[in-house]
Amino acid sequence: AMDPQQRFFMECAWEALENAGYDPEKYEGLIGVYAGTSTNTYFFNNIYNNSNLNNISNTYALNKDFLTTNISYKLNLTGPSVGIQTYCSTSLVAVHLACKSLLDEECDMALAGGVAISVPQKSGYLYQEDGILSPDGHCRAFDAKAQGTIFGSGLGIVVLKRFKDAVNDGDCIHAVIKGSAINNDGSLKVSYTAPSVDGQAEVIVEALANAGVKADDISYIETHGTGT
């Protein structure tokens, strides 16, 4: 009955901690979990019509709300355990909130990320004009021919610590997060799924200020471009 998204995320949570060189049973600090998952399509395709729903209604492995607390329980992690749901930005928002939690000393280490696994793995979709899905199954991000996006499957987790602690503990540091910011466009945009120019600019300015860096100091930009 377990959602494959939860199973894979748990496997990778263990792997991420192991890769970072930490055993949660021996680590003396608090480890938090910030993450989100997509809709449980495995349930609708494999369980809904084949089970007595009364017998599985309390099975926590079916419910996306239990993603983080289940990991905290299984791996004995005693820091904050928070489920994040902001659709396409879920993983980045999870990282942002995990950083805030570390800076506020709610935890000493944090797992942050997200998972989306579609069942069945290969399937079509119904194209609707003015929707977010591509009419021809191709995503052309930042292209004049961009007409929409397509959905895929993936999973990612990072292990975060305060920089000074990571240095003092001799950790293998892959990257340093200088700062981050989140906001919302409200209703000042052409449609619900379209970002507003002003909202994007404002959150970038806020992130730069938070990081204490100037725009001219940045030499590489990576973006989320769906082609919508």
# chains A, B, ... in the order shown; residues from 1 in each chain; ligands from 1
>>> residues_around(residues="Ala146 in chain A", least_positions_apart="2", cutoff="12 Å", atoms="only C-alpha atoms", output="MDAnalysis selection string")
chainID A and resid 132:144 148:150 225:228
>>> select_by_dssp(residues="chain A", states="strand (DSSP E or B)", output="VMD selection string")
chain A and resid 31 to 37 81 to 83 109 to 116 133 149 154 to 160
>>> residues_around(residues="range 21-34 of chain A", least_positions_apart="3", cutoff="7 Å", atoms="only C-alpha atoms", output="short mmCIF file (atom, residue, chain, number, x, y, z; two decimals) with N, CA and C atoms, in the first residue's frame")
data_model
loop_
_atom_site.label_atom_id
_atom_site.label_comp_id
_atom_site.auth_asym_id
_atom_site.auth_seq_id
_atom_site.Cartn_x
_atom_site.Cartn_y
_atom_site.Cartn_z
N LEU A 17 22.09 11.11 4.40
CA LEU A 17 22.78 11.19 5.69
C LEU A 17 24.06 10.36 5.68
N GLU A 18 23.98 9.17 5.09
CA GLU A 18 25.15 8.30 5.00
C GLU A 18 26.24 8.96 4.16
N THR A 68 7.29 13.56 5.78
CA THR A 68 8.42 13.95 6.63
C THR A 68 8.37 13.29 8.00
N LEU A 75 13.85 7.03 11.11
CA LEU A 75 15.29 7.29 11.28
C LEU A 75 15.61 7.92 12.63
N ASN A 76 14.59 8.11 13.47
CA ASN A 76 14.75 8.67 14.81
C ASN A 76 15.37 10.07 14.75
N LEU A 77 14.75 10.94 13.93
CA LEU A 77 15.20 12.32 13.81
C LEU A 77 14.31 13.20 14.67
N THR A 78 14.90 14.01 15.53
CA THR A 78 14.12 14.70 16.55
C THR A 78 13.99 16.21 16.33
N GLY A 79 14.43 16.69 15.17
CA GLY A 79 14.24 18.10 14.85
C GLY A 79 12.87 18.33 14.24
N PRO A 80 12.56 19.55 13.79
CA PRO A 80 11.27 19.83 13.16
C PRO A 80 11.04 18.93 11.96
N SER A 81 9.80 18.52 11.77
CA SER A 81 9.44 17.65 10.64
C SER A 81 8.24 18.27 9.94
N VAL A 82 8.51 18.94 8.81
CA VAL A 82 7.49 19.80 8.20
C VAL A 82 7.24 19.43 6.73
N GLY A 83 5.99 19.17 6.40
CA GLY A 83 5.61 18.90 5.02
C GLY A 83 5.36 20.21 4.29
N ILE A 84 5.92 20.34 3.10
CA ILE A 84 5.80 21.56 2.30
C ILE A 84 5.01 21.24 1.03
N ALA A 94 11.30 24.23 0.54
CA ALA A 94 11.76 23.35 1.63
C ALA A 94 13.18 23.71 2.04
N ALA A 98 14.21 25.25 5.63
CA ALA A 98 15.21 24.49 6.40
C ALA A 98 16.36 25.40 6.81
N CYS A 107 17.12 23.43 14.74
CA CYS A 107 17.79 22.14 14.48
C CYS A 107 19.25 22.42 14.16
N ASP A 108 20.06 21.36 14.17
CA ASP A 108 21.50 21.48 13.90
C ASP A 108 21.87 20.91 12.54
N MET A 109 20.96 20.17 11.96
CA MET A 109 21.15 19.61 10.62
C MET A 109 19.75 19.44 10.03
N ALA A 110 19.64 19.54 8.72
CA ALA A 110 18.32 19.40 8.11
C ALA A 110 18.40 18.68 6.78
N LEU A 111 17.41 17.82 6.56
CA LEU A 111 17.21 17.23 5.24
C LEU A 111 16.14 18.05 4.54
N ALA A 112 16.40 18.44 3.29
CA ALA A 112 15.42 19.25 2.56
C ALA A 112 15.34 18.76 1.11
N GLY A 113 14.11 18.67 0.59
CA GLY A 113 13.97 18.24 -0.79
C GLY A 113 12.55 17.95 -1.18
#
>>> atom_distance(atom1="CA of Lys64 in chain A", atom2="CA of Val203 in chain A")
28.3 Å
>>> residues_around(residues="range 89-92 of chain A", least_positions_apart="2", cutoff="12 Å", atoms="only C-alpha atoms", output="compact mmCIF listing (two decimals) with N, CA, C and O atoms, in the first residue's frame")
# COMPACT_ATOMS: atom_id res chain seq x y z
N VAL A 33 13.52 17.72 9.09
CA VAL A 33 13.15 17.27 7.75
C VAL A 33 12.13 18.24 7.16
O VAL A 33 11.08 18.49 7.76
N TYR A 34 12.45 18.79 6.00
CA TYR A 34 11.56 19.70 5.27
C TYR A 34 11.43 19.20 3.85
O TYR A 34 12.41 19.15 3.11
N ALA A 35 10.23 18.79 3.46
CA ALA A 35 10.07 18.19 2.14
C ALA A 35 8.61 18.13 1.73
O ALA A 35 7.70 18.34 2.54
N GLY A 36 8.40 17.84 0.46
CA GLY A 36 7.05 17.69 -0.06
C GLY A 36 7.01 16.64 -1.15
O GLY A 36 8.04 16.28 -1.73
N THR A 37 5.81 16.16 -1.43
CA THR A 37 5.63 15.13 -2.45
C THR A 37 4.45 15.46 -3.33
O THR A 37 3.58 16.26 -2.96
N SER A 38 4.42 14.85 -4.48
CA SER A 38 3.33 15.07 -5.43
C SER A 38 2.13 14.20 -5.08
O SER A 38 2.15 13.42 -4.12
N VAL A 82 8.51 18.94 8.81
CA VAL A 82 7.49 19.80 8.20
C VAL A 82 7.24 19.43 6.73
O VAL A 82 8.18 19.38 5.93
N GLY A 83 5.99 19.17 6.40
CA GLY A 83 5.61 18.90 5.02
C GLY A 83 5.36 20.21 4.29
O GLY A 83 4.65 21.08 4.79
N ILE A 84 5.92 20.34 3.10
CA ILE A 84 5.80 21.56 2.30
C ILE A 84 5.01 21.24 1.03
O ILE A 84 5.28 20.24 0.37
N GLN A 85 4.06 22.10 0.69
CA GLN A 85 3.29 21.92 -0.54
C GLN A 85 3.13 23.26 -1.25
O GLN A 85 2.23 24.03 -0.93
N THR A 86 4.02 23.55 -2.20
CA THR A 86 3.90 24.78 -2.99
C THR A 86 4.02 24.46 -4.48
O THR A 86 4.53 25.26 -5.25
N TYR A 87 3.57 23.26 -4.84
CA TYR A 87 3.58 22.80 -6.23
C TYR A 87 5.00 22.80 -6.78
O TYR A 87 5.89 22.21 -6.19
N ALA A 94 11.30 24.23 0.54
CA ALA A 94 11.76 23.35 1.63
C ALA A 94 13.18 23.71 2.04
O ALA A 94 13.51 23.77 3.24
N VAL A 95 14.05 23.96 1.07
CA VAL A 95 15.43 24.36 1.36
C VAL A 95 15.45 25.70 2.08
O VAL A 95 16.17 25.89 3.07
N HIS A 96 14.64 26.65 1.60
CA HIS A 96 14.57 27.98 2.22
C HIS A 96 14.14 27.88 3.68
O HIS A 96 14.78 28.48 4.57
N LEU A 97 13.07 27.12 3.96
CA LEU A 97 12.57 27.00 5.33
C LEU A 97 13.53 26.22 6.21
O LEU A 97 13.66 26.51 7.41
N ALA A 98 14.21 25.25 5.63
CA ALA A 98 15.21 24.49 6.40
C ALA A 98 16.36 25.40 6.81
O ALA A 98 16.87 25.32 7.94
N CYS A 99 16.78 26.29 5.91
CA CYS A 99 17.84 27.24 6.24
C CYS A 99 17.41 28.16 7.38
O CYS A 99 18.19 28.44 8.31
N LEU A 111 17.41 17.82 6.56
CA LEU A 111 17.21 17.23 5.24
C LEU A 111 16.14 18.05 4.54
O LEU A 111 15.09 18.34 5.12
N ALA A 112 16.40 18.44 3.29
CA ALA A 112 15.42 19.25 2.56
C ALA A 112 15.34 18.76 1.11
O ALA A 112 16.37 18.47 0.50
N GLY A 113 14.11 18.67 0.59
CA GLY A 113 13.97 18.24 -0.79
C GLY A 113 12.55 17.95 -1.18
O GLY A 113 11.59 18.44 -0.56
N GLY A 114 12.39 17.14 -2.21
CA GLY A 114 11.06 16.81 -2.70
C GLY A 114 11.09 15.61 -3.62
O GLY A 114 12.16 15.19 -4.09
N VAL A 115 9.91 15.06 -3.88
CA VAL A 115 9.81 13.87 -4.74
C VAL A 115 8.52 13.93 -5.54
O VAL A 115 7.48 14.36 -5.04
N ALA A 116 8.61 13.53 -6.80
CA ALA A 116 7.43 13.40 -7.66
C ALA A 116 7.64 12.20 -8.57
O ALA A 116 8.55 12.21 -9.40
N GLY A 154 11.07 12.66 -10.47
CA GLY A 154 12.39 12.95 -9.93
C GLY A 154 12.37 13.06 -8.42
O GLY A 154 11.30 13.12 -7.80
N LEU A 155 13.56 13.09 -7.83
CA LEU A 155 13.70 13.14 -6.38
C LEU A 155 15.03 13.80 -6.05
O LEU A 155 16.04 13.54 -6.72
N GLY A 156 15.04 14.65 -5.05
CA GLY A 156 16.30 15.27 -4.62
C GLY A 156 16.27 15.63 -3.15
O GLY A 156 15.24 16.07 -2.63
N ILE A 157 17.38 15.40 -2.46
CA ILE A 157 17.52 15.75 -1.05
C ILE A 157 18.91 16.34 -0.82
O ILE A 157 19.90 15.83 -1.35
N VAL A 158 18.98 17.42 -0.04
CA VAL A 158 20.27 17.95 0.39
C VAL A 158 20.34 17.91 1.91
O VAL A 158 19.32 18.00 2.59
N ILE A 177 24.97 28.20 0.81
CA ILE A 177 23.80 29.03 0.50
C ILE A 177 23.98 30.37 1.18
O ILE A 177 23.95 30.47 2.40
N SER A 180 18.42 33.46 0.72
CA SER A 180 17.27 33.03 -0.07
C SER A 180 16.06 33.89 0.32
O SER A 180 16.08 34.58 1.33
N ALA A 181 15.03 33.83 -0.51
CA ALA A 181 13.82 34.61 -0.23
C ALA A 181 12.64 33.96 -0.95
O ALA A 181 12.81 33.28 -1.96
N ILE A 182 11.44 34.16 -0.41
CA ILE A 182 10.22 33.68 -1.05
C ILE A 182 9.16 34.78 -1.00
O ILE A 182 9.17 35.62 -0.11
N ASN A 183 8.26 34.76 -1.97
CA ASN A 183 7.12 35.67 -1.95
C ASN A 183 6.00 35.07 -2.78
O ASN A 183 6.05 33.89 -3.15
N ASN A 184 4.99 35.87 -3.10
CA ASN A 184 3.90 35.41 -3.97
C ASN A 184 3.41 36.58 -4.80
O ASN A 184 3.45 37.73 -4.36
N THR A 223 17.80 28.76 -13.67
CA THR A 223 16.40 29.10 -13.45
C THR A 223 15.47 27.92 -13.70
O THR A 223 15.87 26.91 -14.27
N HIS A 224 14.25 28.09 -13.24
CA HIS A 224 13.19 27.11 -13.50
C HIS A 224 12.40 27.60 -14.71
O HIS A 224 11.61 28.51 -14.62
N GLY A 225 12.70 27.03 -15.88
CA GLY A 225 12.03 27.48 -17.10
C GLY A 225 11.21 26.37 -17.71
O GLY A 225 11.72 25.42 -18.29
>>> closest_residue(among="A:Asp3, A:Ala20, A:Asp217, A:Glu11", to="Tyr42 in chain A", atoms="only C-alpha atoms")
A:Asp3
>>> closest_residue(among="A:Gly179, A:Thr69, A:Asn40, A:Asp165", to="Glu105 in chain A", atoms="only C-alpha atoms")
A:Asp165
>>> closest_residue(among="A:Gln5, A:Gln147, A:Ser187, A:Asn46", to="Gln128 in chain A", atoms="only C-alpha atoms")
A:Gln147
